[in-house]
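Trainee: One structure is given below, represented as structure tokens, and several questions about it will come after.
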Amino acid sequence: MSILADDSGVNGPPDQFTTHAVGDQHDSDTEKQDGTGQDPTHSKDSLEATGNKDRTIRGFRWLIICTAIYTTCTLYGLDTTIAADIQGPIVESLGHVDQLAWVGAGFPLGSVSVILLLGRFYELFNAKWNLISTVVLFEVGSAICGAAPSMNTIIVGRILAGIGGSGIYLGSLQYLTLMTSQKERGFYVSLVGAFWGLGAVLGPVIGGAFAESSATWRWAFYINLPIGALTLPAFVFWLPPFHPVQGVSFQKRLATVDFVGFVLGAGTWVSFLLALTMAGGPWPWRDGRTIATFIVLGVVLTLYVLQQYFSLFTTPSRRLFPGHLLRDRTQVLLYSVTAAGTTALFVVVYYLPIYFQFVNGDGAIMAAVRLLPFVVVAVAANISAGSFLHLIKAYMVIYIIAGVFLIAGGGPLVVFLDPSTSTGVIYGLTVLIAVGAGLSMTTAYTIATLTLKPEDAGAGLNLQNVSQIGGQVIALAIAGQIYQSTGFRNLSAALAGHNYSDSEIRGAIAGAQSELFSQLTGELREKAITAITDSMKTTVILVPVAGGVMLVTALCMKWEKLSL
């Protein structure tokens, strides 16, 4: 979730289109326009899309709009982390521990697969109905998750909710940029990140609380329905429409969208996650299905690269992925450090609660409470990173500091993540990681806009979106593969000779509340816990690796100061 300090957070419309104003214009892109797609009417309270004019929406209406926007951003943050502490109860209820990584990674998978496409939609079509549609989609996905009778169903719901969440994120940034004056814009846009952070902090705690209550884990998703429903009237009746283009029909605008690039890009992400989550679990590594999936991944990725590079079925100005920025050293390095910071953050958020459940015997809510120091420090560092950047101006320094913190916390954590280590030591090491992850997680959004030409600022933000959300998918997929494979091997060895089936062992890996673990006592239970924590040590190696990547990447950056 980006925290932007300027007004570059929204891509401008394509050059061949002209902008509309924000105000009480007609709400439909098709039904209320004439045959050419023009909307000749403007209301008396229309607001310029950009510029330095004062905000025209005030009072009660402004309060209602801001409340609705920040509430949906909080829900988006909530769903980003809420699955971290309910993985065990979900597996216990639905089975299929081999698909556990999809519960966490499915949400960012939905977001990263469509974020470039939705960004294009916000450039072409009425922003009001784009935002409302994605809020509805987020609600539908949440309802499917809550009512899911199987693991496959909950995965579908998570992906749909992720798609809706990315639209909420883009729409919130666009509207707050459009409706505010330049003087106040930074404050209102930064609150998007603050409320997302609030949701991220509350996610594991709320999820854990529901998991231990009579409401069950299902209400961790159902809770979005009544809260999200309260925001819809505000968007429908008080949010002003914004038509980014005029003089072009709906069909002609739709024809400019790079749908081939979207399909190939989404296919790349889906096949990647499928390959990493199924291989070594339901499908042996040498199984024909595993090999075929990796072949499909390679083919789809190659086609995507070629289609974007040569602008096949599209034009260079319309292709979805901002590939021309890959020739820009600074943007590539910023992409790398954002992905590294995201990796460190989500590996800890998803696996630390499981560690405490096994080692301390914590329930879901207590395990989430133990995560609070990490999440709170990460969010605080994220929010303060903008001020720090403004103070020192040399962005290279921020990433050097962040990389050092990730290594300083992550390296010892690999060694001391053990039942014999005190909880205080674990807290201290994860707080060091939180500082590094927080400093690096979103700072590149601002840096990208300040190191690019104005016409490339939107493309730079798109690249950062892919890095941040795609980094979640990659991190959770790789971490899930490491944890599942090493955990199964270690636990099988620890329980050898006790006639436990493979499915029982895989179920036990998901959490200490499993039926198998409830039967273990004495020395055998201690051996099982040691086997699980050893696999977690291997998984959290990703954290110091991410820190090393960040530090090396930072040292390759230009020594330059930003004009802030």
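Letters for chains follow the order of the structure tokens (A, B, ...), residue numbers begin at 1 for each chain, and ligand numbers begin at 1 in the order shown.
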Find the nearest atom pair between each residue of stretch 443-549 of chain A and stretch 342-355 of chain A for residues within 10 Å, count only C-alpha atoms, give distances in Å to one decimal, sort rows by chain and ascending number, and present the table as JSON lines.
Mentor:
```
{"residue": "A:Ser467", "atom": "CA", "partner": "A:Thr342", "partner_atom": "CA", "distance": 8.6}
{"residue": "A:Gln468", "atom": "CA", "partner": "A:Thr342", "partner_atom": "CA", "distance": 6.2}
{"residue": "A:Ile469", "atom": "CA", "partner": "A:Thr342", "partner_atom": "CA", "distance": 8.1}
{"residue": "A:Gly470", "atom": "CA", "partner": "A:Thr342", "partner_atom": "CA", "distance": 9.1}
{"residue": "A:Gly471", "atom": "CA", "partner": "A:Thr342", "partner_atom": "CA", "distance": 5.9}
{"residue": "A:Gln472", "atom": "CA", "partner": "A:Thr342", "partner_atom": "CA", "distance": 6.2}
{"residue": "A:Val473", "atom": "CA", "partner": "A:Thr343", "partner_atom": "CA", "distance": 9.0}
{"residue": "A:Ile474", "atom": "CA", "partner": "A:Thr343", "partner_atom": "CA", "distance": 7.9}
{"residue": "A:Ala475", "atom": "CA", "partner": "A:Thr343", "partner_atom": "CA", "distance": 5.1}
{"residue": "A:Leu476", "atom": "CA", "partner": "A:Val347", "partner_atom": "CA", "distance": 6.7}
{"residue": "A:Ile478", "atom": "CA", "partner": "A:Val347", "partner_atom": "CA", "distance": 9.6}
{"residue": "A:Ala479", "atom": "CA", "partner": "A:Val347", "partner_atom": "CA", "distance": 6.9}
{"residue": "A:Gly480", "atom": "CA", "partner": "A:Val347", "partner_atom": "CA", "distance": 9.2}
{"residue": "A:Tyr483", "atom": "CA", "partner": "A:Tyr351", "partner_atom": "CA", "distance": 9.2}
{"residue": "A:Ile509", "atom": "CA", "partner": "A:Ile354", "partner_atom": "CA", "distance": 9.1}
{"residue": "A:Ala510", "atom": "CA", "partner": "A:Ile354", "partner_atom": "CA", "distance": 7.6}
{"residue": "A:Gly511", "atom": "CA", "partner": "A:Ile354", "partner_atom": "CA", "distance": 6.1}
{"residue": "A:Ala512", "atom": "CA", "partner": "A:Ile354", "partner_atom": "CA", "distance": 7.9}
{"residue": "A:Ile529", "atom": "CA", "partner": "A:Tyr355", "partner_atom": "CA", "distance": 9.2}
{"residue": "A:Ile532", "atom": "CA", "partner": "A:Tyr355", "partner_atom": "CA", "distance": 8.3}
{"residue": "A:Thr533", "atom": "CA", "partner": "A:Tyr355", "partner_atom": "CA", "distance": 6.8}
{"residue": "A:Met536", "atom": "CA", "partner": "A:Tyr351", "partner_atom": "CA", "distance": 7.5}
{"residue": "A:Thr539", "atom": "CA", "partner": "A:Val347", "partner_atom": "CA", "distance": 8.0}
{"residue": "A:Val540", "atom": "CA", "partner": "A:Val347", "partner_atom": "CA", "distance": 6.8}
{"residue": "A:Ile541", "atom": "CA", "partner": "A:Val347", "partner_atom": "CA", "distance": 9.6}
{"residue": "A:Leu542", "atom": "CA", "partner": "A:Ala344", "partner_atom": "CA", "distance": 7.0}
{"residue": "A:Val543", "atom": "CA", "partner": "A:Ala344", "partner_atom": "CA", "distance": 4.8}
{"residue": "A:Pro544", "atom": "CA", "partner": "A:Ala344", "partner_atom": "CA", "distance": 8.0}
{"residue": "A:Val545", "atom": "CA", "partner": "A:Ala344", "partner_atom": "CA", "distance": 8.9}
{"residue": "A:Ala546", "atom": "CA", "partner": "A:Ala344", "partner_atom": "CA", "distance": 6.4}
{"residue": "A:Gly547", "atom": "CA", "partner": "A:Ala344", "partner_atom": "CA", "distance": 7.8}
```
Trainee: Would you output that residue set with N, CA and C atoms, as a short mmCIF file (atom, residue, chain, number, x, y, z; two decimals), in the first residue's frame?
Mentor:
```
data_model
loop_
_atom_site.label_atom_id
_atom_site.label_comp_id
_atom_site.auth_asym_id
_atom_site.auth_seq_id
_atom_site.Cartn_x
_atom_site.Cartn_y
_atom_site.Cartn_z
N SER A 467 5.60 -4.69 -8.31
CA SER A 467 6.66 -5.13 -7.42
C SER A 467 6.12 -5.44 -6.03
N GLN A 468 5.33 -4.54 -5.50
CA GLN A 468 4.85 -4.71 -4.13
C GLN A 468 3.87 -5.87 -4.00
N ILE A 469 2.85 -5.89 -4.84
CA ILE A 469 1.84 -6.93 -4.72
C ILE A 469 2.36 -8.25 -5.28
N GLY A 470 3.09 -8.18 -6.40
CA GLY A 470 3.69 -9.40 -6.92
C GLY A 470 4.71 -9.98 -5.97
N GLY A 471 5.39 -9.11 -5.23
CA GLY A 471 6.34 -9.59 -4.23
C GLY A 471 5.67 -10.42 -3.16
N GLN A 472 4.44 -10.04 -2.79
CA GLN A 472 3.69 -10.85 -1.83
C GLN A 472 3.43 -12.25 -2.37
N VAL A 473 3.00 -12.31 -3.63
CA VAL A 473 2.70 -13.61 -4.24
C VAL A 473 3.94 -14.49 -4.26
N ILE A 474 5.06 -13.93 -4.74
CA ILE A 474 6.29 -14.69 -4.86
C ILE A 474 6.79 -15.13 -3.48
N ALA A 475 6.78 -14.21 -2.52
CA ALA A 475 7.28 -14.52 -1.19
C ALA A 475 6.46 -15.62 -0.52
N LEU A 476 5.13 -15.50 -0.58
CA LEU A 476 4.28 -16.49 0.08
C LEU A 476 4.33 -17.84 -0.63
N ILE A 478 6.99 -19.09 -2.40
CA ILE A 478 8.28 -19.72 -2.11
C ILE A 478 8.34 -20.16 -0.64
N ALA A 479 7.89 -19.29 0.27
CA ALA A 479 7.90 -19.65 1.69
C ALA A 479 7.01 -20.87 1.95
N GLY A 480 5.85 -20.89 1.30
CA GLY A 480 4.95 -22.03 1.47
C GLY A 480 5.57 -23.32 0.98
N TYR A 483 8.33 -24.32 3.55
CA TYR A 483 7.78 -24.78 4.82
C TYR A 483 7.08 -26.13 4.69
N ILE A 509 1.19 -29.89 10.07
CA ILE A 509 2.11 -28.80 9.73
C ILE A 509 1.40 -27.45 9.78
N ALA A 510 0.10 -27.44 9.52
CA ALA A 510 -0.64 -26.18 9.44
C ALA A 510 -0.82 -25.50 10.78
N GLY A 511 -0.79 -26.25 11.90
CA GLY A 511 -1.00 -25.62 13.20
C GLY A 511 -1.06 -26.64 14.31
N ALA A 512 -0.75 -26.18 15.51
CA ALA A 512 -0.69 -27.09 16.65
C ALA A 512 -2.07 -27.55 17.10
N ILE A 529 7.71 -30.75 17.74
CA ILE A 529 7.84 -29.29 17.74
C ILE A 529 9.19 -28.87 17.20
N ILE A 532 9.16 -29.08 13.46
CA ILE A 532 8.44 -27.97 12.82
C ILE A 532 9.26 -26.68 12.88
N THR A 533 9.85 -26.38 14.03
CA THR A 533 10.61 -25.14 14.14
C THR A 533 11.86 -25.17 13.27
N MET A 536 10.76 -24.05 10.02
CA MET A 536 10.53 -22.61 10.02
C MET A 536 11.84 -21.84 9.90
N THR A 539 12.57 -21.65 6.41
CA THR A 539 11.66 -20.72 5.72
C THR A 539 12.08 -19.27 5.92
N VAL A 540 12.45 -18.90 7.15
CA VAL A 540 12.77 -17.50 7.42
C VAL A 540 14.15 -17.11 6.91
N ILE A 541 14.87 -18.04 6.30
CA ILE A 541 16.11 -17.66 5.61
C ILE A 541 15.82 -16.61 4.55
N LEU A 542 14.58 -16.61 4.04
CA LEU A 542 14.18 -15.62 3.04
C LEU A 542 14.35 -14.20 3.55
N VAL A 543 14.25 -13.99 4.87
CA VAL A 543 14.34 -12.64 5.42
C VAL A 543 15.75 -12.06 5.30
N PRO A 544 16.81 -12.74 5.82
CA PRO A 544 18.15 -12.17 5.61
C PRO A 544 18.57 -12.17 4.15
N VAL A 545 18.07 -13.11 3.35
CA VAL A 545 18.36 -13.08 1.91
C VAL A 545 17.77 -11.81 1.30
N ALA A 546 16.53 -11.49 1.69
CA ALA A 546 15.92 -10.24 1.20
C ALA A 546 16.73 -9.03 1.65
N GLY A 547 17.22 -9.08 2.90
CA GLY A 547 18.05 -7.98 3.39
C GLY A 547 19.34 -7.85 2.61
#
```
Trainee: A:Ile482, A:Met550, A:Met557, A:Val103: which is nearest A:Ala340, counting only C-alpha atoms?
Mentor: A:Met550
Trainee: Which of stretch 87-243 of chain A counts as alpha helix (DSSP H) under DSSP, as a VMD selection string please?
Mentor: chain A and resid 87 to 94 100 to 124 127 to 147 151 to 179 182 to 212 219 to 222 224 to 237
Trainee: Those residues you just picked out, can you put them in a file as a compact mmCIF listing (two decimals), in the first residue's frame with C-alpha atoms?
Mentor:
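Resulting contents of result29.txt:
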```
# COMPACT_ATOMS: atom_id res chain seq x y z
CA GLN A 87 -4.63 -20.94 8.52
CA GLY A 88 -4.73 -23.78 11.05
CA PRO A 89 -8.50 -23.56 11.69
CA ILE A 90 -9.17 -23.35 7.93
CA VAL A 91 -7.16 -26.50 7.24
CA GLU A 92 -8.77 -28.24 10.20
CA SER A 93 -12.19 -27.40 8.77
CA LEU A 94 -11.61 -27.83 5.04
CA LEU A 100 -2.56 -23.71 2.33
CA ALA A 101 -0.25 -21.27 0.52
CA TRP A 102 -3.16 -20.26 -1.71
CA VAL A 103 -5.14 -18.94 1.26
CA GLY A 104 -2.49 -16.30 1.86
CA ALA A 105 -1.17 -15.85 -1.68
CA GLY A 106 -4.56 -15.96 -3.42
CA PHE A 107 -5.44 -12.45 -2.23
CA PRO A 108 -2.34 -10.69 -3.66
CA LEU A 109 -2.56 -12.99 -6.72
CA GLY A 110 -5.94 -11.48 -7.57
CA SER A 111 -4.58 -7.98 -6.99
CA VAL A 112 -1.40 -8.29 -9.05
CA SER A 113 -3.16 -10.07 -11.93
CA VAL A 114 -5.53 -7.17 -12.57
CA ILE A 115 -3.90 -4.07 -11.14
CA LEU A 116 -2.48 -2.92 -14.49
CA LEU A 117 -5.80 -3.59 -16.19
CA LEU A 118 -7.79 -1.74 -13.53
CA GLY A 119 -5.35 1.15 -13.74
CA ARG A 120 -6.16 1.36 -17.43
CA PHE A 121 -9.89 1.25 -16.68
CA TYR A 122 -9.51 4.18 -14.30
CA GLU A 123 -7.82 6.09 -17.14
CA LEU A 124 -10.69 5.41 -19.55
CA ALA A 127 -14.02 6.36 -11.86
CA LYS A 128 -17.13 6.33 -9.67
CA TRP A 129 -18.52 3.13 -11.11
CA ASN A 130 -15.09 1.57 -11.33
CA LEU A 131 -14.73 2.08 -7.57
CA ILE A 132 -18.25 0.90 -6.74
CA SER A 133 -17.82 -2.22 -8.90
CA THR A 134 -14.60 -3.20 -7.16
CA VAL A 135 -16.11 -2.65 -3.70
CA VAL A 136 -18.97 -4.98 -4.68
CA LEU A 137 -16.48 -7.53 -6.03
CA PHE A 138 -14.52 -7.35 -2.78
CA GLU A 139 -17.72 -8.02 -0.86
CA VAL A 140 -18.66 -10.95 -3.10
CA GLY A 141 -15.22 -12.49 -2.62
CA SER A 142 -15.51 -12.09 1.15
CA ALA A 143 -18.94 -13.76 1.15
CA ILE A 144 -17.59 -16.70 -0.86
CA CYS A 145 -14.70 -17.12 1.59
CA GLY A 146 -17.01 -17.08 4.58
CA ALA A 147 -19.41 -19.63 3.12
CA MET A 151 -10.51 -25.20 0.04
CA ASN A 152 -10.96 -24.59 -3.69
CA THR A 153 -13.94 -22.33 -2.99
CA ILE A 154 -12.10 -20.24 -0.41
CA ILE A 155 -9.21 -19.81 -2.86
CA VAL A 156 -11.60 -18.48 -5.50
CA GLY A 157 -13.08 -16.09 -2.94
CA ARG A 158 -9.65 -14.85 -1.89
CA ILE A 159 -8.70 -14.15 -5.51
CA LEU A 160 -11.95 -12.24 -6.16
CA ALA A 161 -11.49 -10.22 -2.96
CA GLY A 162 -7.93 -9.41 -4.04
CA ILE A 163 -9.18 -8.14 -7.40
CA GLY A 164 -11.69 -5.92 -5.65
CA GLY A 165 -9.10 -4.73 -3.16
CA SER A 166 -6.74 -3.52 -5.86
CA GLY A 167 -9.57 -1.52 -7.41
CA ILE A 168 -10.38 0.03 -4.03
CA TYR A 169 -6.74 1.00 -3.62
CA LEU A 170 -6.44 2.61 -7.07
CA GLY A 171 -9.80 4.35 -6.81
CA SER A 172 -9.05 5.77 -3.38
CA LEU A 173 -5.76 7.28 -4.55
CA GLN A 174 -7.36 8.68 -7.68
CA TYR A 175 -10.31 10.33 -5.94
CA LEU A 176 -8.29 11.84 -3.13
CA THR A 177 -5.86 13.23 -5.69
CA LEU A 178 -8.68 14.67 -7.81
CA MET A 179 -10.82 16.14 -5.04
CA GLN A 182 -2.36 20.61 -3.94
CA LYS A 183 -1.67 21.99 -0.46
CA GLU A 184 -3.73 19.34 1.35
CA ARG A 185 -3.28 16.47 -1.11
CA GLY A 186 -0.29 14.88 0.58
CA PHE A 187 -2.13 14.65 3.90
CA TYR A 188 -5.27 13.03 2.53
CA VAL A 189 -3.42 10.61 0.26
CA SER A 190 -1.05 9.56 3.06
CA LEU A 191 -4.08 8.59 5.15
CA VAL A 192 -4.78 5.83 2.62
CA GLY A 193 -1.59 4.15 3.79
CA ALA A 194 -2.31 4.92 7.43
CA PHE A 195 -5.75 3.28 7.35
CA TRP A 196 -4.42 0.35 5.32
CA GLY A 197 -1.79 -0.03 8.04
CA LEU A 198 -4.48 0.07 10.72
CA GLY A 199 -6.27 -2.77 8.96
CA ALA A 200 -3.02 -4.72 8.61
CA VAL A 201 -2.37 -4.35 12.36
CA LEU A 202 -5.89 -5.50 13.28
CA GLY A 203 -6.04 -8.34 10.74
CA PRO A 204 -4.29 -11.13 12.67
CA VAL A 205 -5.94 -10.12 15.96
CA ILE A 206 -9.46 -10.02 14.51
CA GLY A 207 -8.89 -13.25 12.61
CA GLY A 208 -7.58 -14.97 15.72
CA ALA A 209 -10.46 -13.69 17.84
CA PHE A 210 -13.05 -15.05 15.43
CA ALA A 211 -11.18 -18.36 15.08
CA GLU A 212 -11.41 -18.95 18.85
CA TRP A 219 -16.57 -14.44 10.34
CA ALA A 220 -13.04 -13.23 9.67
CA PHE A 221 -14.37 -12.85 6.11
CA TYR A 222 -18.05 -12.20 6.82
CA ASN A 224 -16.37 -7.31 5.59
CA LEU A 225 -19.99 -7.59 4.46
CA PRO A 226 -21.83 -5.29 6.91
CA ILE A 227 -18.96 -2.80 7.10
CA GLY A 228 -18.47 -2.66 3.34
CA ALA A 229 -22.23 -2.41 2.76
CA LEU A 230 -22.32 0.78 4.85
CA THR A 231 -19.88 2.47 2.44
CA LEU A 232 -21.85 1.76 -0.73
CA PRO A 233 -24.60 4.40 -0.18
CA ALA A 234 -21.89 7.02 0.34
CA PHE A 235 -20.24 6.08 -2.95
CA VAL A 236 -23.54 5.88 -4.85
CA PHE A 237 -25.16 9.08 -3.58
```
Trainee: Atom CA of A:Asp85 and atom CA of A:Ala437, how far apart in Å?
Mentor: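 These two atoms are separated by 19.9 Å.
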